[in-house]
Amino acid sequence: MAKRVVLAYSGGLDTSVAVRWMIEEWNVEVVCVLVDVGQDPDYSESFDDIRARALAAGALDFVVVDAREEMAAQFCAPAIAANALYEGKYPLVSALSRPVIVRHLVDQARKFGADAVAHGSTGKGNDQVRFEVGTHALAPDLEVLAPARLWGMTRADSVDYAAKWDIPIKATKEKIYSIDENLWGRAIECGEIEDPWAAPPEEPYTLTRVTATQPVELTISFRAGVPVALDGVEMSLAGLIKELTDRVGPTGYGRLDMVENRRVGIKSREVYECPAALALITAHADLEDLVLEREIHHEKARLQIRWSELVYDGMWFSPLKEALDAFFFETQRHVTGDVRVRFEAPGLARVVGRRSPSALYDHDLATYDAEDSFNHADSEGFVKIYGLGVKTWAARQGAKNATPAP
Ligand code: ARG
């Protein structure tokens, strides 16, 4: 059994209770690590308050790591290159943050000489998979502990447990939603959302409440596939994501309502708000339409689906996912240019313009006007040979298809 454990600590009820519970049940030392992935953009609570809670719960130490730029540059940027949408919709909000957290858990485990890491996920979700598979990929020698999978406490039990041990928590017995957030967006589950027929309540949304009275038009600039500027103003990627969230969220853009397939075999109904993620992927994919050669574009579209599944399934640190990253990286060399997007309340976004020094769009080839440089006569032989196989088939065997069904 482990002696010293590094816990992924959020400051919330479950991970605070986990500190005390592991000490009591397993007689371990617990170091709390809070990885800042942008989960509390306005810092509603100071790190000093969170530290005090961790120590009150019995932690040996408390560490904060600011991983916002790291998450943006090393996790969101590859997701943009991959136009990553799990099941065609979900931009992997929680799935992208877990490997960032795992990296820092392992790092702190080494610094503190710990022999295990721990997380507060339950047995029903994807996050346990991501924490555990990720940790084993980076540190096969470390044990991974999941107290919330074993303790069998309800939320009310946890509140009582915290009270019994004088852990100062803000949570109450009735918490309706389970929310996970970071700079890429917010994932909301539980409460009436669990009924897939019920329309999502307005209450849990914070980023996408409609307050805009005018449409918002923005130019997003990319360099080699990475967003670098908004309306011509260059900024860091974490800064750009935050700014974009603040500017387009008020038009109501970025909400998702979906039934998804979890890795653990459950279908769940979840709602999300991720205005920046969806805006960046939409703009990026549009720029690719302009600059990517057809065959690479089509092959990339197939591989994007696979990449998104791997990341959703906790395989961030895996050979196939890394090989796909190398492929996508190669495809992004010329994905440089500007995309103009118009956001209109409630929740509508349209790309209205795109331009690139690497555009493969050739006006003189595409136009139907006088400047047309496309040789129409060349098409005659091309079309004949292209359709030759089907023509041969029709002559021998396929003629019956020409007769309309009775
Ligand atoms: N279903 C999403 C995913 O698997 C969101 C999970 C949110 N996690 C949470 N602890 N509420 O990526």
# chains A, B, ... in the order shown; residues from 1 in each chain; ligands from 1
>>> residues_around(residues="region 112-124 of chain A", least_positions_apart="4", cutoff="10 Å", atoms="only C-alpha atoms", output="short mmCIF file (atom, residue, chain, number, x, y, z; two decimals) with C-alpha atoms, in the first residue's frame")
data_model
loop_
_atom_site.label_atom_id
_atom_site.label_comp_id
_atom_site.auth_asym_id
_atom_site.auth_seq_id
_atom_site.Cartn_x
_atom_site.Cartn_y
_atom_site.Cartn_z
CA MET A 1 0.00 0.00 0.00
CA ALA A 2 1.13 3.50 -0.83
CA LYS A 3 2.60 5.76 1.85
CA ARG A 4 2.54 9.18 0.24
CA VAL A 5 -0.10 10.21 -2.28
CA VAL A 6 -0.39 13.22 -4.58
CA LEU A 7 -4.07 14.09 -5.01
CA ALA A 8 -5.60 16.05 -7.91
CA TYR A 9 -7.32 18.61 -5.71
CA SER A 10 -10.07 20.97 -6.87
CA GLY A 12 -14.46 21.17 -3.78
CA LEU A 13 -16.35 18.84 -1.46
CA ASP A 14 -15.30 15.48 -2.93
CA THR A 15 -11.59 16.06 -3.11
CA SER A 16 -11.56 17.72 0.33
CA VAL A 17 -13.30 14.70 1.85
CA ALA A 18 -10.92 12.45 -0.10
CA VAL A 19 -7.94 13.92 1.76
CA MET A 22 -7.50 8.45 2.59
CA VAL A 28 -1.25 7.74 3.95
CA GLU A 29 0.23 11.23 3.68
CA VAL A 30 -1.62 13.40 1.17
CA VAL A 31 -0.17 16.23 -0.92
CA CYS A 32 -2.86 18.31 -2.68
CA ASP A 61 1.15 20.24 1.70
CA VAL A 102 -1.90 14.01 -14.96
CA LEU A 105 0.45 14.97 -10.67
CA VAL A 106 3.30 12.80 -11.87
CA ASP A 107 5.72 15.72 -11.70
CA GLN A 108 4.71 16.53 -8.11
CA GLN A 128 -11.19 7.96 -14.07
CA VAL A 129 -10.06 6.33 -17.33
CA PHE A 131 -6.44 9.86 -14.99
CA GLU A 132 -5.41 6.24 -14.71
CA THR A 135 -0.68 8.19 -15.23
CA ALA A 139 4.78 6.65 -14.78
CA ASP A 141 5.55 2.54 -11.41
CA LEU A 142 3.02 4.80 -9.67
CA GLU A 143 -0.12 3.44 -8.09
CA VAL A 144 -3.40 5.26 -8.82
CA LEU A 145 -5.97 5.54 -6.03
CA ALA A 146 -9.65 6.39 -6.55
CA PRO A 147 -11.25 6.85 -3.11
CA ALA A 148 -14.60 8.09 -4.47
CA ARG A 149 -15.00 4.78 -6.30
CA LEU A 150 -14.87 2.92 -3.01
CA TRP A 151 -16.29 5.02 -0.21
CA GLY A 152 -19.96 4.60 -1.05
CA ARG A 262 -19.06 7.19 -22.56
CA ARG A 263 -16.05 4.88 -22.61
CA VAL A 264 -17.59 2.89 -19.76
CA GLY A 265 -20.58 1.80 -21.84
CA ILE A 266 -23.16 4.29 -20.59
#
>>> select_by_dssp(residues="region 178-359 of chain A", states="helix (DSSP H, G or I)", output="short mmCIF file (atom, residue, chain, number, x, y, z; two decimals) with C-alpha atoms, in the first residue's frame")
data_model
loop_
_atom_site.label_atom_id
_atom_site.label_comp_id
_atom_site.auth_asym_id
_atom_site.auth_seq_id
_atom_site.Cartn_x
_atom_site.Cartn_y
_atom_site.Cartn_z
CA GLY A 191 -30.27 17.34 -12.23
CA GLU A 192 -33.08 17.58 -14.77
CA ILE A 193 -30.49 17.24 -17.58
CA GLU A 194 -30.56 13.48 -16.86
CA LEU A 237 -3.37 31.30 -27.06
CA ALA A 238 -4.77 31.12 -23.51
CA GLY A 239 -5.42 34.87 -23.67
CA LEU A 240 -7.06 34.56 -27.08
CA ILE A 241 -9.36 31.76 -25.91
CA LYS A 242 -10.43 33.81 -22.88
CA GLU A 243 -11.01 36.95 -24.96
CA LEU A 244 -12.99 35.03 -27.56
CA THR A 245 -15.12 33.45 -24.83
CA ASP A 246 -15.87 36.88 -23.39
CA ARG A 247 -16.69 38.41 -26.77
CA VAL A 248 -18.88 35.77 -28.38
CA GLY A 249 -20.39 34.03 -25.31
CA PRO A 250 -22.86 36.92 -24.82
CA THR A 251 -24.40 36.16 -28.25
CA PRO A 275 -17.95 29.27 -27.35
CA ALA A 276 -14.22 29.71 -27.99
CA ALA A 277 -13.56 26.06 -28.76
CA LEU A 278 -16.38 25.82 -31.28
CA ALA A 279 -15.58 29.19 -32.87
CA LEU A 280 -11.90 28.30 -33.31
CA ILE A 281 -12.60 24.86 -34.75
CA THR A 282 -15.23 26.27 -37.13
CA ALA A 283 -12.88 29.02 -38.33
CA HIS A 284 -9.90 26.68 -38.58
CA ALA A 285 -11.80 24.07 -40.58
CA ASP A 286 -12.99 26.79 -42.94
CA LEU A 287 -9.45 28.01 -43.52
CA GLU A 288 -8.41 24.43 -44.28
CA ASP A 289 -11.12 24.31 -46.96
CA LEU A 290 -9.23 27.12 -48.66
CA VAL A 291 -5.67 25.84 -48.38
CA ARG A 294 -8.04 17.56 -51.73
CA GLU A 295 -6.52 14.17 -50.90
CA ILE A 296 -4.84 15.30 -47.70
CA HIS A 297 -8.02 17.12 -46.72
CA HIS A 298 -10.20 14.05 -47.12
CA GLU A 299 -7.75 11.71 -45.40
CA LYS A 300 -7.36 14.17 -42.54
CA ALA A 301 -11.13 14.26 -42.03
CA ARG A 302 -11.13 10.49 -41.47
CA LEU A 303 -8.23 10.60 -39.02
CA GLN A 304 -9.75 13.47 -37.04
CA ILE A 305 -12.57 11.16 -35.95
CA ARG A 306 -10.03 8.63 -34.67
CA TRP A 307 -7.97 11.29 -32.85
CA SER A 308 -11.07 12.58 -31.07
CA GLU A 309 -12.04 9.08 -29.95
CA LEU A 310 -8.55 8.36 -28.65
CA VAL A 311 -8.44 11.58 -26.64
CA TYR A 312 -11.96 11.06 -25.31
CA PRO A 319 1.63 5.85 -29.75
CA LEU A 320 -1.27 6.12 -32.20
CA LYS A 321 -2.38 9.51 -30.93
CA GLU A 322 1.19 10.81 -31.15
CA ALA A 323 1.60 9.48 -34.68
CA LEU A 324 -1.65 11.18 -35.71
CA ASP A 325 -0.38 14.44 -34.18
CA ALA A 326 2.69 14.20 -36.39
CA PHE A 327 0.45 13.77 -39.44
CA PHE A 328 -1.73 16.74 -38.49
CA PHE A 329 1.31 18.88 -37.75
CA GLU A 330 2.59 18.24 -41.26
CA THR A 331 -0.80 19.24 -42.73
#
>>> atom_distance(atom1="CA of Glu217 (chain A)", atom2="CA of Ala349 (chain A)")
9.4 Å
>>> residues_near_ligand(ligand="ligand 1", cutoff="8 Å", atoms="only C-alpha atoms and all ligand atoms", output="list in words")
Leu92, Val93, Ser94, Ala95, Ser121, Gly125, Asn126, Asp127, Ser178, Ile179, Asp180, Ala187, Ile188, Glu189, Glu260, Arg262, Ser268, Glu270 and Tyr312 of chain A
>>> write_last_selection(atoms="N, CA, C and O atoms", output="compact mmCIF listing (two decimals), in the first residue's frame")
# COMPACT_ATOMS: atom_id res chain seq x y z
N LEU A 92 -14.26 18.10 -26.50
CA LEU A 92 -13.35 17.40 -25.59
C LEU A 92 -12.90 18.23 -24.39
O LEU A 92 -11.75 18.10 -23.93
N VAL A 93 -13.79 19.08 -23.90
CA VAL A 93 -13.46 20.01 -22.81
C VAL A 93 -12.75 19.31 -21.63
O VAL A 93 -11.61 19.65 -21.29
N SER A 94 -13.42 18.33 -21.03
CA SER A 94 -12.83 17.65 -19.87
C SER A 94 -11.70 16.72 -20.30
O SER A 94 -10.69 16.58 -19.61
N ALA A 95 -11.89 16.10 -21.45
CA ALA A 95 -10.90 15.13 -21.94
C ALA A 95 -9.54 15.76 -22.17
O ALA A 95 -8.50 15.11 -22.00
N SER A 121 -12.54 11.05 -9.06
CA SER A 121 -13.59 10.61 -9.98
C SER A 121 -14.30 9.37 -9.46
O SER A 121 -13.71 8.54 -8.77
N GLY A 125 -17.66 7.41 -14.81
CA GLY A 125 -17.34 8.40 -15.83
C GLY A 125 -16.11 8.08 -16.65
O GLY A 125 -15.44 7.06 -16.47
N ASN A 126 -15.79 8.99 -17.54
CA ASN A 126 -14.60 8.88 -18.38
C ASN A 126 -13.35 9.39 -17.68
O ASN A 126 -12.24 9.00 -18.04
N ASP A 127 -13.53 10.28 -16.71
CA ASP A 127 -12.36 10.94 -16.15
C ASP A 127 -11.45 9.97 -15.40
O ASP A 127 -10.23 10.10 -15.46
N SER A 178 -23.42 18.70 -11.74
CA SER A 178 -22.00 18.41 -11.67
C SER A 178 -21.35 19.15 -12.83
O SER A 178 -21.70 18.92 -13.99
N ILE A 179 -20.44 20.05 -12.50
CA ILE A 179 -19.87 20.91 -13.54
C ILE A 179 -18.35 20.77 -13.54
O ILE A 179 -17.71 20.80 -12.48
N ASP A 180 -17.80 20.58 -14.73
CA ASP A 180 -16.35 20.56 -14.87
C ASP A 180 -15.99 21.67 -15.84
O ASP A 180 -16.59 21.78 -16.91
N ALA A 187 -18.59 21.69 -18.87
CA ALA A 187 -19.39 20.48 -19.05
C ALA A 187 -20.36 20.41 -17.88
O ALA A 187 -19.94 20.52 -16.73
N ILE A 188 -21.64 20.22 -18.20
CA ILE A 188 -22.66 20.26 -17.15
C ILE A 188 -23.47 18.97 -17.19
O ILE A 188 -23.97 18.58 -18.26
N GLU A 189 -23.60 18.31 -16.06
CA GLU A 189 -24.43 17.11 -16.01
C GLU A 189 -25.23 17.07 -14.71
O GLU A 189 -25.07 17.90 -13.84
N GLU A 260 -24.27 11.26 -25.36
CA GLU A 260 -22.98 10.76 -25.83
C GLU A 260 -22.69 9.37 -25.29
O GLU A 260 -23.23 8.96 -24.27
N ARG A 262 -20.25 7.20 -23.42
CA ARG A 262 -19.06 7.19 -22.56
C ARG A 262 -18.24 5.94 -22.81
O ARG A 262 -18.77 4.92 -23.26
N SER A 268 -24.96 9.01 -21.90
CA SER A 268 -25.36 10.05 -20.96
C SER A 268 -25.75 11.30 -21.72
O SER A 268 -25.25 11.58 -22.81
N GLU A 270 -25.62 15.18 -21.79
CA GLU A 270 -24.82 16.25 -21.20
C GLU A 270 -25.04 17.54 -21.97
O GLU A 270 -25.35 17.51 -23.15
N TYR A 312 -10.80 11.27 -26.18
CA TYR A 312 -11.96 11.06 -25.31
C TYR A 312 -11.74 9.85 -24.41
O TYR A 312 -12.08 9.85 -23.23
>>> closest_residue(among="A:Ala377, A:Ile385, A:Glu293, A:Phe222", to="Ala77 (chain A)", atoms="only C-alpha atoms")
A:Phe222
>>> atom_distance(atom1="CA of Ala162 (chain A)", atom2="CA of Arg130 (chain A)")
27.1 Å
>>> select_by_dssp(residues="region 69-135 of chain A", states="strand (DSSP E or B)", output="list of chain:residue names")
A:Tyr86, A:Tyr90, A:Ala116, A:Val117, A:Ala118
>>> closest_residue(among="A:Ala224, A:Met258, A:Met235, A:Leu183", to="Gln39 (chain A)", atoms="only C-alpha atoms")
A:Leu183
>>> residues_around(residues="region 66-72 of chain A", least_positions_apart="3", cutoff="6 Å", atoms="only C-alpha atoms", output="list of chain:residue names")
A:Asp36, A:Val37, A:Gly38, A:Phe75, A:Cys76, A:Leu237, A:Ala238
>>> write_last_selection(atoms="all heavy atoms", output="compact mmCIF listing (two decimals), in the first residue's frame")
# COMPACT_ATOMS: atom_id res chain seq x y z
N ASP A 36 -4.24 24.68 -12.25
CA ASP A 36 -5.10 25.74 -12.80
C ASP A 36 -5.13 25.61 -14.32
O ASP A 36 -4.16 25.93 -15.01
CB ASP A 36 -4.54 27.10 -12.38
CG ASP A 36 -5.39 28.26 -12.89
OD1 ASP A 36 -6.42 28.00 -13.56
OD2 ASP A 36 -5.02 29.42 -12.63
N VAL A 37 -6.26 25.09 -14.81
CA VAL A 37 -6.47 24.98 -16.26
C VAL A 37 -7.52 25.98 -16.72
O VAL A 37 -8.18 25.80 -17.74
CB VAL A 37 -6.87 23.53 -16.66
CG1 VAL A 37 -5.65 22.61 -16.65
CG2 VAL A 37 -7.97 22.98 -15.76
N GLY A 38 -7.71 27.03 -15.90
CA GLY A 38 -8.69 28.08 -16.25
C GLY A 38 -10.08 27.77 -15.75
O GLY A 38 -11.06 28.31 -16.26
N PHE A 75 -2.25 21.39 -25.70
CA PHE A 75 -3.42 20.51 -25.72
C PHE A 75 -4.53 21.07 -26.61
O PHE A 75 -5.06 20.37 -27.47
CB PHE A 75 -3.89 20.24 -24.28
CG PHE A 75 -2.86 19.46 -23.49
CD1 PHE A 75 -1.75 20.08 -22.94
CD2 PHE A 75 -2.99 18.08 -23.34
CE1 PHE A 75 -0.78 19.36 -22.24
CE2 PHE A 75 -2.03 17.35 -22.64
CZ PHE A 75 -0.92 17.99 -22.09
N CYS A 76 -4.87 22.37 -26.42
CA CYS A 76 -5.93 22.94 -27.28
C CYS A 76 -5.42 23.13 -28.71
O CYS A 76 -6.18 22.89 -29.67
CB CYS A 76 -6.43 24.27 -26.71
SG CYS A 76 -7.12 24.13 -25.06
N LEU A 237 -2.18 32.09 -26.74
CA LEU A 237 -3.37 31.30 -27.06
C LEU A 237 -4.35 31.25 -25.88
O LEU A 237 -5.56 31.35 -26.08
CB LEU A 237 -2.97 29.89 -27.52
CG LEU A 237 -4.13 29.03 -28.03
CD1 LEU A 237 -4.96 29.72 -29.11
CD2 LEU A 237 -3.62 27.68 -28.55
N ALA A 238 -3.84 31.14 -24.66
CA ALA A 238 -4.77 31.12 -23.51
C ALA A 238 -5.51 32.45 -23.43
O ALA A 238 -6.72 32.50 -23.17
CB ALA A 238 -4.01 30.83 -22.22
>>> atom_distance(atom1="CA of Trp197 (chain A)", atom2="CA of Lys267 (chain A)")
13.9 Å
>>> residues_around(residues="Gly337 (chain A)", least_positions_apart="3", cutoff="9 Å", atoms="only C-alpha atoms", output="ChimeraX atom specification")
/A:220-225,287,334,354-359
